[in-house]
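So this one's model-v5.txt, compact mmCIF, C-alpha atoms:
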# COMPACT_ATOMS: atom_id res chain seq x y z
CA MET A 1 30.03 22.55 -34.00
CA PRO A 2 26.63 23.09 -32.28
CA HIS A 3 24.51 20.10 -31.26
CA ASN A 4 21.01 19.49 -29.96
CA ASP A 5 21.39 16.05 -28.36
CA ALA A 6 20.20 15.49 -24.80
CA LEU A 7 22.71 15.91 -21.98
CA VAL A 8 23.55 12.38 -20.88
CA ILE A 9 26.31 12.12 -18.30
CA SER A 10 28.10 9.70 -16.01
CA ILE A 11 28.22 10.90 -12.41
CA GLN A 12 29.08 9.57 -8.97
CA ILE A 13 26.07 8.91 -6.74
CA THR A 14 27.12 7.79 -3.26
CA GLN A 15 30.02 5.38 -3.94
CA ALA A 16 28.97 4.31 -7.46
CA MET A 17 29.59 5.81 -10.89
CA VAL A 18 26.26 5.77 -12.69
CA ASP A 19 26.08 6.25 -16.45
CA ARG A 20 23.12 7.12 -18.67
CA ILE A 21 21.92 9.92 -16.39
CA HIS A 22 19.86 12.53 -18.24
CA ALA A 23 20.52 16.07 -16.98
CA ASP A 24 17.17 17.71 -17.69
CA GLU A 25 16.12 21.24 -16.76
CA GLY A 26 12.59 20.31 -17.78
CA SER A 27 12.24 17.79 -14.95
CA ALA A 28 10.90 18.98 -11.61
CA ALA A 29 12.26 15.87 -9.87
CA ASN A 30 15.37 13.74 -9.63
CA ILE A 31 14.64 10.15 -10.66
CA LEU A 32 16.53 6.85 -10.33
CA GLN A 33 15.64 3.40 -11.54
CA LEU A 34 15.00 0.77 -8.85
CA ALA A 35 17.56 -1.52 -10.52
CA VAL A 36 20.29 1.09 -9.89
CA ILE A 37 19.38 1.31 -6.20
CA GLN A 38 19.43 -2.49 -5.96
CA GLN A 39 22.89 -2.68 -7.54
CA MET A 40 24.09 -0.15 -4.98
CA GLY A 41 22.70 -2.38 -2.22
CA LEU A 42 20.56 0.46 -0.89
CA GLU A 43 17.04 -0.83 -1.51
CA ALA A 44 16.39 -1.08 2.23
CA LYS A 45 16.89 2.70 2.55
CA ILE A 46 14.01 3.52 0.19
CA ASN A 47 11.17 5.37 1.89
CA LYS A 48 8.37 3.35 0.31
CA THR A 49 5.72 6.02 0.09
CA ALA A 50 4.20 5.84 -3.38
CA LYS A 51 3.69 9.06 -5.33
CA SER A 52 2.56 9.73 -8.88
CA LEU A 53 4.77 11.32 -11.54
CA THR A 54 3.15 12.84 -14.61
CA GLY A 55 5.02 13.17 -17.89
CA PHE A 56 4.59 15.87 -20.52
CA ASN A 57 2.14 13.64 -22.45
CA GLY A 58 -0.05 13.16 -19.40
CA THR A 59 0.94 9.57 -18.62
CA THR A 60 1.31 8.78 -14.94
CA THR A 61 3.95 6.62 -13.26
CA VAL A 62 3.61 5.47 -9.67
CA THR A 63 6.91 5.60 -7.79
CA VAL A 64 8.34 2.85 -5.61
CA GLY A 65 9.29 5.51 -3.06
CA THR A 66 12.00 8.10 -2.41
CA ILE A 67 15.64 7.95 -1.31
CA ASP A 68 18.20 10.59 -0.25
CA LEU A 69 21.64 10.18 -1.86
CA ASP A 70 24.80 12.26 -2.25
CA VAL A 71 25.65 13.40 -5.78
CA TYR A 72 29.31 14.25 -6.50
CA SER A 73 30.13 17.03 -8.96
CA PRO A 74 33.77 17.50 -7.88
CA PRO A 75 34.55 19.05 -5.56
CA ILE A 76 30.91 19.76 -4.64
CA ILE A 77 28.82 17.15 -2.84
CA SER A 78 25.08 17.80 -2.76
CA SER A 79 22.44 15.71 -0.99
CA GLN A 80 19.52 15.01 -3.34
CA THR A 81 16.15 13.34 -2.99
CA PHE A 82 15.39 10.87 -5.78
CA MET A 83 12.04 9.46 -6.86
CA VAL A 84 12.55 5.72 -7.35
CA ILE A 85 10.73 4.14 -10.29
CA ASN A 86 10.61 0.68 -11.81
CA GLU A 87 9.94 1.38 -15.48
CA VAL A 88 11.44 0.50 -18.85
CA SER A 89 13.62 3.42 -19.94
CA PRO A 90 16.83 4.03 -21.90
CA TYR A 91 18.05 6.13 -18.94
CA ASN A 92 19.21 4.97 -15.52
CA GLY A 93 17.94 8.21 -14.04
CA ILE A 94 17.30 11.92 -14.37
CA LEU A 95 18.97 14.81 -12.57
CA GLY A 96 16.44 17.59 -12.78
CA ARG A 97 16.02 21.14 -11.52
CA PRO A 98 16.57 20.24 -7.82
CA TRP A 99 20.17 19.17 -8.54
CA ILE A 100 20.84 21.79 -11.24
CA GLY A 101 19.60 24.57 -8.97
CA LYS A 102 21.46 23.28 -5.90
CA ILE A 103 24.87 23.51 -7.58
CA ASN A 104 23.92 26.66 -9.59
CA ALA A 105 24.71 24.86 -12.83
CA ILE A 106 24.28 26.14 -16.38
CA THR A 107 23.44 23.47 -18.96
CA SER A 108 24.11 23.76 -22.67
CA ALA A 109 22.93 21.22 -25.21
CA THR A 110 24.66 23.29 -27.90
CA HIS A 111 28.05 22.79 -26.28
CA GLN A 112 27.18 19.41 -24.67
CA LYS A 113 28.44 20.65 -21.28
CA ILE A 114 27.29 21.42 -17.76
CA ARG A 115 29.20 24.13 -15.90
CA TYR A 116 28.88 25.14 -12.26
CA PRO A 117 30.75 27.52 -9.95
CA ILE A 118 33.29 26.14 -7.50
CA PRO A 119 33.47 28.45 -4.46
CA GLY A 120 36.88 30.16 -4.39
CA SER A 121 38.41 28.17 -7.25
CA GLY A 122 36.74 28.78 -10.57
CA VAL A 123 34.32 26.72 -12.63
CA GLY A 124 33.62 22.98 -12.70
CA GLU A 125 32.61 21.21 -15.90
CA ILE A 126 30.86 17.95 -16.79
CA ASN A 127 30.87 16.79 -20.41
CA SER A 128 27.92 15.01 -21.95
CA ASP A 129 28.45 11.63 -23.64
CA GLN A 130 26.99 12.45 -27.06
CA ALA A 131 27.28 8.92 -28.44
CA MET A 132 25.42 7.54 -25.42
CA ALA A 133 22.78 10.27 -25.75
CA ARG A 134 22.08 9.22 -29.33
CA ARG A 135 21.86 5.53 -28.39
CA CYS A 136 19.39 6.39 -25.62
CA SER A 137 17.38 8.55 -28.02
CA THR A 138 17.21 5.73 -30.58
CA GLN A 139 16.03 3.25 -27.93
CA GLY A 140 13.37 5.71 -26.80
CA LEU A 141 12.09 6.22 -30.37
CA LYS A 142 11.87 2.45 -30.93
CA LYS A 143 9.89 2.08 -27.73
CA SER A 144 7.51 4.90 -28.62
CA LYS A 145 6.81 3.36 -32.04
CA GLN A 146 5.97 0.06 -30.37
CA THR A 147 3.56 1.64 -27.90
CA GLN A 148 1.46 4.06 -29.92
CA PHE A 149 -1.86 3.58 -28.15
CA LEU A 150 -3.99 5.48 -25.69
CA LEU A 151 -4.31 4.30 -22.10
CA VAL A 152 -7.99 3.74 -21.39
CA SER A 153 -9.61 4.07 -17.98
CA GLN A 154 -13.26 3.09 -18.35
CA LYS A 155 -15.92 4.88 -16.34
CA ARG A 156 -17.53 2.60 -13.76
CA ARG A 157 -20.77 1.00 -14.85
CA ASN A 158 -23.75 0.93 -12.51
CA PHE A 159 -25.53 -2.32 -11.64
CA ALA A 160 -28.74 -3.14 -9.84
CA PRO A 161 -28.24 -4.06 -6.14
CA GLU A 162 -28.89 -7.78 -6.71
CA ARG A 163 -26.22 -7.88 -9.43
CA VAL A 164 -23.77 -5.94 -7.27
CA ALA A 165 -24.16 -8.73 -4.70
CA ILE A 166 -23.33 -11.35 -7.37
CA ILE A 167 -20.23 -9.43 -8.46
CA GLU A 168 -18.96 -8.90 -4.90
CA ALA A 169 -19.46 -12.57 -4.04
CA GLU A 170 -17.30 -13.54 -7.03
CA ILE A 171 -14.66 -10.97 -6.07
CA ASP A 172 -14.52 -12.43 -2.56
CA LYS A 173 -13.90 -15.90 -4.07
CA LEU A 174 -11.09 -14.58 -6.28
CA LEU A 175 -9.48 -12.78 -3.35
CA ALA A 176 -9.68 -15.92 -1.19
CA ALA A 177 -8.07 -17.97 -3.97
CA GLY A 178 -5.25 -15.43 -4.32
CA PHE A 179 -6.11 -14.74 -7.98
CA ILE A 180 -6.58 -10.97 -7.61
CA LYS A 181 -5.44 -8.13 -5.37
CA GLU A 182 -6.42 -4.52 -4.72
CA VAL A 183 -4.62 -1.92 -6.82
CA SER A 184 -4.23 1.87 -6.86
CA TYR A 185 -3.28 4.46 -9.50
CA SER A 186 -3.90 2.08 -12.40
CA GLU A 187 -3.51 3.56 -15.89
CA TRP A 188 -5.70 0.86 -17.42
CA LEU A 189 -9.16 0.27 -15.98
CA ALA A 190 -11.90 -2.03 -17.30
CA ASN A 191 -15.45 -2.80 -16.18
CA VAL A 192 -16.96 -6.11 -15.14
CA VAL A 193 -19.85 -7.54 -17.13
CA LEU A 194 -22.37 -10.23 -16.17
CA VAL A 195 -22.97 -12.99 -18.70
CA ALA A 196 -25.92 -15.34 -18.23
CA LYS A 197 -25.02 -19.04 -17.92
CA GLN A 198 -27.07 -21.82 -19.52
CA GLU A 199 -28.25 -22.75 -16.05
CA LYS A 200 -31.24 -20.51 -15.35
CA GLY A 201 -30.60 -17.72 -12.85
CA LYS A 202 -26.81 -18.20 -12.84
CA TRP A 203 -24.35 -15.52 -13.94
CA ARG A 204 -20.72 -15.50 -14.97
CA VAL A 205 -18.68 -12.47 -13.88
CA CYS A 206 -16.32 -11.37 -16.67
CA VAL A 207 -14.11 -8.34 -17.34
CA ASP A 208 -14.47 -6.26 -20.49
CA TYR A 209 -10.88 -6.11 -21.78
CA THR A 210 -11.86 -4.72 -25.21
CA ASP A 211 -9.68 -1.60 -24.91
CA LEU A 212 -6.69 -3.47 -23.49
CA ASN A 213 -6.87 -6.12 -26.21
CA LYS A 214 -6.64 -3.44 -28.90
CA ALA A 215 -3.26 -2.37 -27.50
CA TRP A 216 -1.91 -5.82 -26.56
CA PRO A 217 0.53 -7.28 -29.15
CA LYS A 218 -0.70 -10.48 -30.79
CA ASP A 219 1.01 -13.77 -29.98
CA ASN A 220 1.08 -15.81 -33.19
CA PHE A 221 1.62 -19.16 -31.48
CA PRO A 222 -0.44 -21.64 -33.58
CA LEU A 223 -3.42 -23.50 -32.13
CA PRO A 224 -3.97 -27.12 -33.29
CA ARG A 225 -6.30 -27.71 -36.24
CA ILE A 226 -9.55 -29.33 -35.18
CA ASP A 227 -9.78 -31.54 -38.28
CA GLN A 228 -6.33 -32.95 -37.65
CA LEU A 229 -7.18 -33.67 -34.01
CA VAL A 230 -10.32 -35.55 -35.09
CA ASP A 231 -8.33 -37.61 -37.60
CA SER A 232 -5.69 -38.45 -34.99
CA ILE A 233 -8.18 -40.13 -32.63
CA SER A 234 -9.94 -42.26 -35.22
CA GLY A 235 -9.62 -45.97 -34.51
CA ASN A 236 -9.03 -45.66 -30.78
CA GLN A 237 -11.34 -47.88 -28.71
CA LEU A 238 -11.12 -45.81 -25.53
CA LEU A 239 -11.05 -42.04 -25.19
CA SER A 240 -10.83 -40.03 -21.95
CA PHE A 241 -11.80 -36.36 -22.09
CA MET A 242 -10.53 -33.87 -19.50
CA ASP A 243 -11.09 -30.18 -19.00
CA ALA A 244 -8.49 -28.26 -16.99
CA TYR A 245 -10.12 -26.55 -13.99
CA SER A 246 -9.42 -22.79 -14.04
CA GLY A 247 -6.57 -23.60 -16.40
CA TYR A 248 -5.67 -20.05 -17.35
CA ASN A 249 -5.57 -19.06 -13.68
CA GLN A 250 -2.69 -21.49 -13.06
CA ILE A 251 -0.30 -19.17 -14.96
CA MET A 252 1.11 -16.19 -13.06
CA MET A 253 1.02 -12.73 -14.65
CA HIS A 254 4.33 -10.94 -15.19
CA GLU A 255 4.78 -8.32 -12.48
CA ASP A 256 4.89 -5.47 -15.02
CA ASP A 257 1.58 -6.55 -16.58
CA LYS A 258 -0.55 -7.15 -13.50
CA ALA A 259 -1.76 -3.54 -13.25
CA LYS A 260 -2.83 -3.62 -16.92
CA THR A 261 -5.56 -6.13 -15.99
CA SER A 262 -7.15 -3.73 -13.48
CA PHE A 263 -10.93 -3.54 -13.26
CA ILE A 264 -13.36 -1.47 -11.24
CA ILE A 265 -16.42 -2.45 -9.19
CA GLU A 266 -18.57 -0.62 -6.70
CA ARG A 267 -16.25 -1.12 -3.74
CA GLY A 268 -12.85 -0.60 -5.34
CA THR A 269 -10.31 -1.48 -8.03
CA TYR A 270 -8.51 -4.81 -8.42
CA CYS A 271 -6.03 -6.46 -10.76
CA TYR A 272 -5.20 -10.06 -11.57
CA LYS A 273 -2.14 -11.81 -10.16
CA VAL A 274 -2.80 -14.75 -12.49
CA MET A 275 -3.66 -14.90 -16.17
CA PRO A 276 -7.34 -13.94 -16.52
CA PHE A 277 -9.95 -15.03 -19.04
CA GLY A 278 -10.83 -12.50 -21.73
CA VAL A 279 -7.35 -11.11 -22.42
CA LYS A 280 -5.84 -11.50 -25.88
CA ASN A 281 -3.26 -14.30 -26.25
CA VAL A 282 -4.31 -16.31 -23.19
CA GLY A 283 -5.25 -19.25 -25.43
CA ALA A 284 -1.93 -19.13 -27.26
CA THR A 285 -0.02 -18.79 -23.98
CA TYR A 286 -1.81 -21.76 -22.43
CA GLN A 287 -1.39 -23.87 -25.58
CA GLY A 288 2.35 -23.18 -25.58
CA LEU A 289 2.58 -24.26 -21.94
CA VAL A 290 0.70 -27.56 -22.33
CA ASN A 291 2.67 -28.33 -25.50
CA LYS A 292 5.86 -28.14 -23.43
CA ILE A 293 4.44 -30.14 -20.51
CA PHE A 294 3.07 -32.97 -22.69
CA LYS A 295 5.72 -32.84 -25.40
CA GLU A 296 6.41 -36.59 -25.22
CA GLN A 297 2.73 -37.60 -25.14
CA ILE A 298 1.07 -35.32 -27.72
CA GLY A 299 0.39 -37.24 -30.93
CA ARG A 300 1.07 -40.59 -29.26
CA THR A 301 -1.16 -41.07 -26.24
CA MET A 302 -2.95 -37.73 -25.98
CA GLU A 303 -4.09 -34.61 -27.80
CA VAL A 304 -4.50 -31.11 -26.36
CA TYR A 305 -6.54 -28.15 -27.54
CA VAL A 306 -5.87 -25.25 -25.13
CA ASP A 307 -7.42 -26.45 -21.81
CA ASP A 308 -9.25 -29.45 -23.29
CA MET A 309 -7.26 -32.69 -23.12
CA LEU A 310 -7.96 -36.10 -24.60
CA VAL A 311 -6.14 -39.29 -23.61
CA LYS A 312 -6.15 -42.04 -26.25
CA PRO A 313 -4.51 -45.29 -25.08
CA PRO A 314 -3.55 -47.77 -27.81
CA LYS A 315 -6.07 -50.41 -28.83
CA VAL A 316 -6.66 -53.36 -26.49
CA GLN A 317 -5.14 -56.47 -28.05
CA ILE A 318 -6.43 -59.98 -27.21
CA THR A 319 -3.77 -62.64 -27.89
CA SER A 320 -6.10 -65.67 -27.93
CA LYS A 321 -9.57 -66.76 -26.86
CA THR A 322 -8.25 -69.44 -24.50
CA SER A 323 -5.52 -67.34 -22.97
CA PRO A 324 -7.11 -63.90 -22.44
CA ARG A 325 -3.95 -61.93 -22.04
CA HIS A 326 -4.36 -58.27 -22.76
CA SER A 327 -1.78 -55.73 -23.71
CA VAL A 328 -3.14 -52.58 -22.12
CA CYS A 329 -1.46 -49.20 -21.90
CA TYR A 330 -2.39 -46.95 -19.01
CA THR A 331 -1.41 -43.35 -19.27
CA CYS A 332 -1.13 -41.39 -16.06
CA ILE A 333 -1.06 -37.61 -16.08
CA ALA A 334 0.00 -36.02 -12.83

Starting from the file, give its structure as structure tokens.
Amino acid sequence: MPHNDALVISIQITQAMVDRIHADEGSAANILQLAVIQQMGLEAKINKTAKSLTGFNGTTTVTVGTIDLDVYSPPIISSQTFMVINEVSPYNGILGRPWIGKINAITSATHQKIRYPIPGSGVGEINSDQAMARRCSTQGLKKSKQTQFLLVSQKRRNFAPERVAIIEAEIDKLLAAGFIKEVSYSEWLANVVLVAKQEKGKWRVCVDYTDLNKAWPKDNFPLPRIDQLVDSISGNQLLSFMDAYSGYNQIMMHEDDKAKTSFIIERGTYCYKVMPFGVKNVGATYQGLVNKIFKEQIGRTMEVYVDDMLVKPPKVQITSKTSPRHSVCYTCIA
């Protein structure tokens, strides 16, 4: 019975059998996931020269590097160069035209087979795992439905020289603090904007993440209700208000999401290593963190609204006028 599923095979690469390899005549390169290389214990052999790979829909992936490995299609052993990527994919890798051409293979999705000549002894054959191909296809469709948005790279805005100086001074501070780093080949790119502070002549440097926020999934973690917070502090004789300094910047960005926060200025492109202001969900993320940290204190001796904290010790109790003993609770937050 004819089929049209992708050719997904298991094949020996160096000393390991690797499954979920897509044999694809449409690919101009052989590709392997970084995780596969790491499991083989061969990460040190990667030639870490980054290159860009462009898919059929125009999206670009920056490679970790390249690596040369032997591919076994018994009894033929062919040395192949693989592009190493670190991306979410249902496949562990792709064997493209370089491998197919090297062993003179003929692929057939209809028959779910790959056949290649064996010098002096006939024809070799590799069967596709059709069940695995369908599982991979289903995973890929689920992923595509979850990520139906356009990558946006904003055109750099021009600023007057005096404002360029303000922006670059702030960038130097962020670099010195280790909050940002330089980045290349970013698919997302936003502009900086200057927002006037209440203090005359002072400016706040922000990043316009409007396009990124449209694509970012919403975190529905609930923020506290202001009216309930106000009710909870009524009757307390002493209140201490605290504001976390650069609170959001104390949370590290996930490695896969750092490049999504990229922004452009006159002298280059940068991305955040820590959670920046202006990105959707940062308030919910920070609230979830402080709720965990102060789980035992919230509602008893303190209240927290995102990065604003309020300590509310119990009332001071005087036991008698002649014997001024006080029952005082001191709350320390380290």

List every residue of stretch 147-205 of chain A that has an atom at most 10 Å from any atom of stretch 62-74 of chain A, giving for each one its closest atom pair and the distance in Å to one decimal, counting all atoms listed in the file, sorted by chain and then by ascending residue number, as a tab-separated table.
residue	atom	partner	partner_atom	distance
A:Ser184	CA	A:Val62	CA	9.1
A:Tyr185	CA	A:Val62	CA	7.0
A:Ser186	CA	A:Val62	CA	8.7
A:Glu187	CA	A:Val62	CA	9.6

Within 9 Å of A:Gln130, counting all atoms listed in the file, which residues show up once you throw out same-chain ones fewer than 2 positions away? Write them as a list in words, please.
->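 Contacts, with the query itself left out: Asp5, Ala6, Leu7, Val8, Ile9, Gln112, Asn127, Ser128, Met132, Ala133, Arg134 and Arg135 of chain A.
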
Using only C-alpha atoms, pick whichever of A:Val207, A:Gln154, A:Arg225, A:Phe241 has the shortest atom-to-atom distance to A:Met302.
->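 Residue with the minimum atom-to-atom distance to A:Met302: A:Phe241.
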
Counting all atoms listed in the file, closest pick from A:Val205, A:Ile76, A:Ala259, A:Val36 relative to A:Lys181 is A:Ala259

Which value, in Å to one decimal, gives the distance between atom CA of A:Ile77 and atom CA of A:Ser27?
->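 Separation of atom CA of A:Ile77 and atom CA of A:Ser27: 20.5 Å.
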
Residue nearest A:Val304 - candidates A:Gly268, A:Gly235, A:Pro117, A:Pro224, atoms counted: all atoms listed in the file |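 Smallest distance to A:Val304 is found for A:Pro224.
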
Would you kindly return, as a list in words, each protein, DNA or RNA residue with an atom no farther than 9 Å from any atom of stretch 87-92 of chain A, considering all atoms listed in the file and excluding same-chain residues fewer than 6 positions away?
->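 Final neighbour list, sorted by chain and number: Val8, Val18, Asp19, Arg20, Ile21, His22, Ile31, Leu32, Gln33, Leu34, Ala35, Val36, Thr61, Arg135, Cys136, Ser137, Thr138, Gln139, Gly140, Lys143 and Asp256 of chain A.
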
Please produce a file of the residues just selected, as a PDB file, in the coordinates of the input, where the atoms kept are C-alpha atoms.
ATOM      1  CA  VAL A   8      23.550  12.380 -20.880  1.00  0.00           C
ATOM      2  CA  VAL A  18      26.260   5.770 -12.690  1.00  0.00           C
ATOM      3  CA  ASP A  19      26.080   6.250 -16.450  1.00  0.00           C
ATOM      4  CA  ARG A  20      23.120   7.120 -18.670  1.00  0.00           C
ATOM      5  CA  ILE A  21      21.920   9.920 -16.390  1.00  0.00           C
ATOM      6  CA  HIS A  22      19.860  12.530 -18.240  1.00  0.00           C
ATOM      7  CA  ILE A  31      14.640  10.150 -10.660  1.00  0.00           C
ATOM      8  CA  LEU A  32      16.530   6.850 -10.330  1.00  0.00           C
ATOM      9  CA  GLN A  33      15.640   3.400 -11.540  1.00  0.00           C
ATOM     10  CA  LEU A  34      15.000   0.770  -8.850  1.00  0.00           C
ATOM     11  CA  ALA A  35      17.560  -1.520 -10.520  1.00  0.00           C
ATOM     12  CA  VAL A  36      20.290   1.090  -9.890  1.00  0.00           C
ATOM     13  CA  THR A  61       3.950   6.620 -13.260  1.00  0.00           C
ATOM     14  CA  ARG A 135      21.860   5.530 -28.390  1.00  0.00           C
ATOM     15  CA  CYS A 136      19.390   6.390 -25.620  1.00  0.00           C
ATOM     16  CA  SER A 137      17.380   8.550 -28.020  1.00  0.00           C
ATOM     17  CA  THR A 138      17.210   5.730 -30.580  1.00  0.00           C
ATOM     18  CA  GLN A 139      16.030   3.250 -27.930  1.00  0.00           C
ATOM     19  CA  GLY A 140      13.370   5.710 -26.800  1.00  0.00           C
ATOM     20  CA  LYS A 143       9.890   2.080 -27.730  1.00  0.00           C
ATOM     21  CA  ASP A 256       4.890  -5.470 -15.020  1.00  0.00           C
TER      22      ASP A 256
END

Have a look at A:Ser246, A:Leu174, A:Asp208, A:Pro313 and name the one nearest to A:Tyr272; count only C-alpha atoms.
->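 For A:Tyr272, the nearest of the candidates is A:Leu174.
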
Separation of atom CA of A:Thr81 from atom CA of A:Lys51 in Å = 13.4 Å

Find the residue from A:Leu53, A:Met253, A:Met242, A:Ile126 that sits nearest to A:Asn30; use only C-alpha atoms when measuring.
->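 Answer, going by the shortest atom-to-atom distance: A:Leu53.
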
Find, counting all atoms listed in the file, the residue in A:Phe263, A:Phe294, A:Phe221, A:Trp99 that gets nearest to A:Val152.
->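 Using all atoms listed in the file, A:Val152 sits closest to A:Phe263.
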
Excluding same-chain residues fewer than 2 positions from A:Leu194, what lies within 9 Å of it counting all atoms listed in the file, as a ChimeraX atom specification?
-> /A:163,166-167,192,196,203-207
